[in-house]
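Notes to accompany the following structure.
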Amino acid sequence: MFTDEELKDYAEQFKTIGITEEKKQKEVLEYFYQIGKIIIEFNIKNYDEKN
């Protein structure tokens with residue numbers, strides 16, 4: 001889902017919070033990506049219901 005280049009962009013930030021394994025970094029990114037998708041879908045449904 002994420003390219004190596006994208007992982008490198010976030011690697012420094014992950015290291016500051018103690019996530020050094022690339023596999024774990026990918027898991028965290030995918031987790032937050034899924035949460036973002038859920039939030040967007042929820043907001044779209046609420047917007048459609050209001051209009």
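Just remember, in the structure tokens the first chain shown is A, the second B, etc., residues are 1-based per chain, and ligands are 1-based in the order shown.
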Within 12 Å of range 30-36 of chain A using only C-alpha atoms, minus same-chain residues under 3 positions, as number ranges by chain = A: 1-3, 6-7, 23-27, 39-43
Mind checking DSSP for chain A and telling me the alpha helix (DSSP H) residues as an MDAnalysis selection string?
-> chainID A and resid 4:16 22:50
What does the distance from CA of Tyr10 in chain A to CA of Ile38 in chain A come to in Å, to one decimal?
->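 Going from CA of Tyr10 in chain A over to CA of Ile38 in chain A covers 21.9 Å.
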